[in-house]
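In what follows, a single structure is set out as structure tokens and then discussed.
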Amino acid sequence: MKQDLFPRSATFWRTWSFTLLCAALSACGGSVEADAEETAPRLVAREDALNVRLRLMAANLSSGTGQDYDPGHGIRIFQGTDPDIVMIQEFNYKTDSAADLRGFVDTAFGTGFSYYREGGAQIPNGIISRYPIIAAGEWDDTQVSNRDFAWARIDIPGPKDLWAISVHLLTTGSSVRNTEASNLVKFINANVPASDYLVIGGDFNTGSRGEATFSTFSSVVSTASPYPADKNGNTNTNAGRNSPYDHVLVDNDLRAYQTPVVMGSSTFANGLVVDTRVYSPLSDISPALSGDSGASGMQHMGVIKDFLIPGDSATSSSVTVLSPNGGESWPAGSSQTITWTASGITNVKVEYSLNGSTWTTLTASTGASGGGVAWTVPSSASTTAWVRVSDASNATVTDLSNAAFTITTGGTGGGTGKVFINEVLLNEPGSDVNGEFVELVNSGTAAVDLGGWTVSDGTGVRHTFASGTTVAAGKAVVVFGGAAGIPSGTVGAVAASTGMLNLGNSGDTVTVKNSAGTVVDTATFASSLSGTDGVSANRGPDGASTGSFVLHTGVSSLTSSPGKRASGAAF
């Protein structure tokens with residue numbers, strides 16, 4: 001079932017949605033709990049005027065009979081490491097009653113923490129948070145019967161919410177884990193706003209970091225090194241400390257704020273794998289005991305990453321990368337312009353990366369109001385290039401390209417292409433679903449090879465462009481639900497390769513990816529843009545990649561214009 005999860009203000013959610021959520025989840029077996037007397041965390045020691053430390057932890061630390069957190073080895077580890085948000089697995093405690101679970105959270109974390117625990121699972125996943133959980137639920141893991149993917153939308157300090165997803169993948173085999181990862185990525189693309197932060201954490205049961213699971217997850221979170229390690233530099237997390245089972249993976253927006261984990265007198269540059277057997281001085285993580293990580297039944301180590309994020313008082317300053325913003329293909333050696341918008345910032349720092357983890361400074365400080373800087377594209381080919389623009393005096397105010405872009409070698413002539421979603425008809429005329437369509441426009445100066453590119457709805461891939469398909473500069477291509485729905489004379493029209501687009505009349509998300517699997521453009525359509533038969537959603541203004549989607553009747557007297565400009569004129 002597709003969900004409508006449109007962004008609302010934190011005040012709106014805190015006012016009434018939490019109460020409504022508790023009632024709904026109680027009816028279906030899930031649970032969300034919080035201290036009724038404390039609506040906001042007390043974090044004076046964790047933040048200054050601008051920045052807030054956010055500690056994220058993946059934790060499958062049960063050690064009791066029946067995969068339970070009683071007798072308490074894991075509890076002491078939680079108390080000693082002081083996480084803010086935990087993606088917890090095997091979330092069982094004593095009788096699993098509401099009173100027992102609340103008691104566990106109060107003891108291990110504090111009375112002000114909220115939690116969500118999936119219902120009806122033998123070894124449930126869950127989220128525990130210092131900050132208010134404003135929405136939560138579970139997504140179906142089709143590969144296993146005794147748990148699902150638990151998620152929570154959390155009102156952390158600053159202008160963005162955090163979506164935390166707790167996972168416990170199967171030990172059956174790497175191909176099954178990759179199937180689980182693929183299914184989860186579909187849920188994320190359908191439900192998580194690109195403007196919010198994202199973390200996937202938990203027990204992946206992965207035998208190595210070379211598994212396809214990480215490549216699959218890399219479309220939504222950063223899977224690149226460096227990795228958290230224990231006091232001895234060991235990055236593995238299973239009981240035998242020879243396999244990387246457990247992970248905290250965040251999206252690129254949040255990774256830009258990662259900072260070393262500091263525990264008492266110790267600093268861990270890339271994050272911490274918590275193994276009490278090797279940690280010293282143990283007083284850093286008191287009351288944890290040296291034998292806790294080696295207790296009978298303890299099969300995993302906790303993983304922690306810290307981030308220094310903009311707080312609520314820093315929201316008046318912002319920067320947004322405009323170009324390259326993901327999906328572009330820029331020739332090596334060509335002259336391009338990196339552009340941005342900024343508010344409340346005097347100077348910006350501009351950087352680029354060819355792999356998503358190693359950054360090169362283009363300019364340490366240039367006027368923010370200029371909105372752009374010239375760039376000669378490096379001579380190295382890359383399919384994972386990124387640009388980052390930050391406040392030159394406050395690195396926590398920063399923005400990345402929304403997705404990776406490509407640098408090509410072999411000549412600089414011919415310009416560049418830019419493909420984006422321009423028009424979508426989600427609600428077909430009458431009941432002929434063949435008439436649904438997605439129109440893509442190339443506003444660049446060169447043709448774009450679409451071979452292997454995909455068009456997806458919120459559920460899955462609906463069309464893959466055939467090898468050799470191109471869209472010329474300034475032209476459009478239209479994917480229809482079926483050949484029978486293509487109007488006579490429509491230029492650049494093809495039928496969906498799966499035989500359907502299956503767009504939702506009550507709203508849906510359309511995503512376009514290039515042949516490397518990188519998101520080129522994505523758009524979420526509310527019911528207000530899909531509720532009228534035969535009326536499409538169109539960019540306003542038409543043909544502008546940065547324009548908002550509006551009803552087609554708002555930009556033209558026509559109800560739709562597949563393959564043409566909104567006015568009906570040819571591209």
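Chain labels A, B, ... are given in the sequence in which chains occur in the structure tokens; within each chain residues are numbered consecutively from 1, and ligands are likewise numbered from 1 in the order shown.
Selecting strand (DSSP E) from the backbone DSSP output for range 508-539 of chain A yields A:Asp508, A:Thr509, A:Val510, A:Thr511, A:Val512, A:Lys513, A:Val519, A:Val520, A:Asp521, A:Thr522, A:Ala523, A:Thr524, A:Phe525, A:Ala537, A:Asn538, A:Arg539.
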Same residues, all heavy atoms, output as a short mmCIF file (atom, residue, chain, number, x, y, z; two decimals), in the first residue's frame:
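Generated output (result.cif):
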data_model
loop_
_atom_site.label_atom_id
_atom_site.label_comp_id
_atom_site.auth_asym_id
_atom_site.auth_seq_id
_atom_site.Cartn_x
_atom_site.Cartn_y
_atom_site.Cartn_z
N ASP A 508 1.45 9.81 -6.09
CA ASP A 508 2.50 8.84 -6.35
C ASP A 508 3.83 9.58 -6.47
O ASP A 508 3.87 10.81 -6.47
CB ASP A 508 2.21 8.07 -7.65
CG ASP A 508 2.80 6.66 -7.64
OD1 ASP A 508 3.77 6.43 -6.90
OD2 ASP A 508 2.28 5.79 -8.38
N THR A 509 4.92 8.81 -6.54
CA THR A 509 6.26 9.36 -6.75
C THR A 509 6.82 8.78 -8.05
O THR A 509 6.77 7.57 -8.26
CB THR A 509 7.20 9.03 -5.59
OG1 THR A 509 6.71 9.65 -4.39
CG2 THR A 509 8.61 9.53 -5.87
N VAL A 510 7.33 9.64 -8.91
CA VAL A 510 7.95 9.22 -10.17
C VAL A 510 9.44 9.52 -10.08
O VAL A 510 9.84 10.62 -9.71
CB VAL A 510 7.33 9.94 -11.38
CG1 VAL A 510 8.06 9.57 -12.67
CG2 VAL A 510 5.85 9.59 -11.50
N THR A 511 10.26 8.51 -10.40
CA THR A 511 11.71 8.66 -10.31
C THR A 511 12.36 8.21 -11.61
O THR A 511 12.00 7.17 -12.16
CB THR A 511 12.27 7.83 -9.15
OG1 THR A 511 11.67 8.26 -7.92
CG2 THR A 511 13.78 7.98 -9.04
N VAL A 512 13.31 8.99 -12.09
CA VAL A 512 14.07 8.67 -13.29
C VAL A 512 15.52 8.43 -12.88
O VAL A 512 16.11 9.26 -12.17
CB VAL A 512 13.99 9.79 -14.33
CG1 VAL A 512 14.85 9.47 -15.54
CG2 VAL A 512 12.54 10.02 -14.75
N LYS A 513 16.09 7.29 -13.30
CA LYS A 513 17.48 6.99 -13.01
C LYS A 513 18.22 6.74 -14.31
O LYS A 513 17.65 6.22 -15.27
CB LYS A 513 17.61 5.76 -12.10
CG LYS A 513 17.03 5.95 -10.71
CD LYS A 513 17.25 4.71 -9.84
CE LYS A 513 16.69 4.88 -8.45
NZ LYS A 513 16.92 3.70 -7.59
N VAL A 519 19.91 8.59 -9.44
CA VAL A 519 18.68 9.35 -9.60
C VAL A 519 18.98 10.62 -10.39
O VAL A 519 19.80 11.45 -9.98
CB VAL A 519 18.05 9.70 -8.24
CG1 VAL A 519 16.85 10.62 -8.42
CG2 VAL A 519 17.63 8.43 -7.50
N VAL A 520 18.30 10.79 -11.52
CA VAL A 520 18.43 11.98 -12.34
C VAL A 520 17.40 13.02 -11.93
O VAL A 520 17.68 14.21 -11.83
CB VAL A 520 18.28 11.62 -13.84
CG1 VAL A 520 18.24 12.88 -14.70
CG2 VAL A 520 19.40 10.70 -14.27
N ASP A 521 16.17 12.56 -11.68
CA ASP A 521 15.10 13.46 -11.21
C ASP A 521 14.04 12.61 -10.53
O ASP A 521 13.83 11.44 -10.88
CB ASP A 521 14.49 14.23 -12.39
CG ASP A 521 13.67 15.43 -11.93
OD1 ASP A 521 13.76 15.80 -10.74
OD2 ASP A 521 12.94 16.01 -12.76
N THR A 522 13.40 13.19 -9.55
CA THR A 522 12.29 12.52 -8.87
C THR A 522 11.28 13.57 -8.45
O THR A 522 11.65 14.71 -8.15
CB THR A 522 12.79 11.71 -7.66
OG1 THR A 522 11.70 10.96 -7.09
CG2 THR A 522 13.38 12.60 -6.59
N ALA A 523 10.02 13.21 -8.44
CA ALA A 523 8.96 14.14 -8.07
C ALA A 523 7.84 13.38 -7.39
O ALA A 523 7.46 12.29 -7.83
CB ALA A 523 8.43 14.88 -9.30
N THR A 524 7.32 13.94 -6.31
CA THR A 524 6.20 13.36 -5.59
C THR A 524 4.96 14.20 -5.86
O THR A 524 5.00 15.43 -5.74
CB THR A 524 6.49 13.30 -4.08
OG1 THR A 524 7.61 12.45 -3.86
CG2 THR A 524 5.28 12.74 -3.32
N PHE A 525 3.87 13.54 -6.23
CA PHE A 525 2.65 14.22 -6.62
C PHE A 525 1.55 13.96 -5.59
O PHE A 525 1.21 12.82 -5.32
CB PHE A 525 2.19 13.75 -8.00
CG PHE A 525 3.21 13.99 -9.08
CD1 PHE A 525 4.16 13.03 -9.39
CD2 PHE A 525 3.26 15.19 -9.77
CE1 PHE A 525 5.12 13.25 -10.36
CE2 PHE A 525 4.21 15.44 -10.74
CZ PHE A 525 5.14 14.46 -11.04
N ALA A 537 -0.12 16.86 -14.39
CA ALA A 537 0.69 17.78 -13.59
C ALA A 537 1.84 18.24 -14.46
O ALA A 537 2.51 17.42 -15.10
CB ALA A 537 1.22 17.08 -12.34
N ASN A 538 2.08 19.54 -14.52
CA ASN A 538 3.08 20.11 -15.42
C ASN A 538 3.96 21.10 -14.66
O ASN A 538 3.51 21.75 -13.73
CB ASN A 538 2.40 20.84 -16.59
CG ASN A 538 3.31 20.98 -17.80
OD1 ASN A 538 3.25 20.14 -18.71
ND2 ASN A 538 4.12 22.03 -17.85
N ARG A 539 5.21 21.18 -15.08
CA ARG A 539 6.09 22.18 -14.48
C ARG A 539 5.53 23.59 -14.73
O ARG A 539 5.02 23.89 -15.81
CB ARG A 539 7.49 22.11 -15.08
CG ARG A 539 8.26 20.84 -14.81
CD ARG A 539 8.97 20.87 -13.48
NE ARG A 539 9.84 19.69 -13.33
CZ ARG A 539 10.54 19.41 -12.26
NH1 ARG A 539 10.49 20.22 -11.21
NH2 ARG A 539 11.29 18.33 -12.20
#
Neighbour list for Thr259 in chain A as an MDAnalysis selection string, cut-off 7 Å, only C-alpha atoms, skip fewer than 4 positions in-chain: chainID A and resid 306:308
From a backbone DSSP assignment, name each residue in range 338-452 of chain A labelled helix (DSSP H, G or I), as a VMD selection string. chain A and resid 368 to 370 433 to 435
Please, could you write that set of residues out with C-alpha atoms as a short mmCIF file (atom, residue, chain, number, x, y, z; two decimals), in the first residue's frame?
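Output file result09.cif follows:
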data_model
loop_
_atom_site.label_atom_id
_atom_site.label_comp_id
_atom_site.auth_asym_id
_atom_site.auth_seq_id
_atom_site.Cartn_x
_atom_site.Cartn_y
_atom_site.Cartn_z
CA ALA A 368 27.92 33.84 -1.58
CA SER A 369 25.84 36.45 -3.37
CA GLY A 370 27.62 35.72 -6.65
CA VAL A 433 -4.60 3.22 -17.98
CA ASN A 434 -2.74 3.05 -21.29
CA GLY A 435 -3.13 6.84 -21.38
#
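Atom pair CA of Ala136 in chain A / CA of Ile188 in chain A has a distance of 13.3 Å (rounded to one decimal).
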Which one of A:Gly417, A:Gly110, A:Gly568, A:Gly126 sits closest to Thr490 in chain A if you count only C-alpha atoms?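 Result for the nearest residue to Thr490 in chain A: A:Gly568.
Distances from A:Asp432, A:Asp141, A:Asp246, A:Asp399 to Met301 in chain A were compared using only C-alpha atoms, and the smallest one belongs to A:Asp246.
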Just want the 12 Å neighbourhood of Asp96 in chain A, counted on only C-alpha atoms, with same-chain residues fewer than 2 positions away dropped. Output as a short mmCIF file (atom, residue, chain, number, x, y, z; two decimals) with C-alpha atoms, in the first residue's frame.
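Result file is part_33.cif:
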data_model
loop_
_atom_site.label_atom_id
_atom_site.label_comp_id
_atom_site.auth_asym_id
_atom_site.auth_seq_id
_atom_site.Cartn_x
_atom_site.Cartn_y
_atom_site.Cartn_z
CA GLY A 30 2.85 -1.66 17.07
CA SER A 31 3.77 0.71 19.86
CA GLY A 66 15.00 -15.84 23.78
CA GLN A 67 16.98 -12.89 22.42
CA ASP A 68 16.09 -10.59 25.32
CA TYR A 69 17.72 -7.51 26.84
CA ASP A 70 17.32 -9.01 30.32
CA GLU A 90 15.71 -8.19 18.93
CA PHE A 91 13.74 -5.62 20.93
CA ASN A 92 12.45 -7.97 23.66
CA TYR A 93 12.45 -7.38 27.39
CA LYS A 94 11.00 -9.69 30.04
CA ALA A 98 4.07 -2.00 27.80
CA ALA A 99 5.26 -1.56 31.38
CA ASP A 100 8.34 -3.77 30.89
CA LEU A 101 9.30 -2.08 27.60
CA ARG A 102 8.85 1.36 29.09
CA GLY A 103 10.96 0.31 32.05
CA PHE A 104 13.72 -0.94 29.74
CA VAL A 105 13.83 2.36 27.82
CA ARG A 117 8.63 -1.22 18.37
CA GLU A 118 7.12 -3.16 15.48
CA GLY A 119 4.18 -5.37 16.39
CA GLY A 120 3.64 -9.08 15.85
CA ALA A 121 7.31 -9.99 15.47
CA GLN A 122 9.27 -12.66 17.32
CA ILE A 123 12.45 -10.59 17.27
CA PRO A 124 11.16 -7.09 16.51
#
Any idea what the distance is between CA of Gly547 in chain A and CA of Leu322 in chain A? 12.5 Å
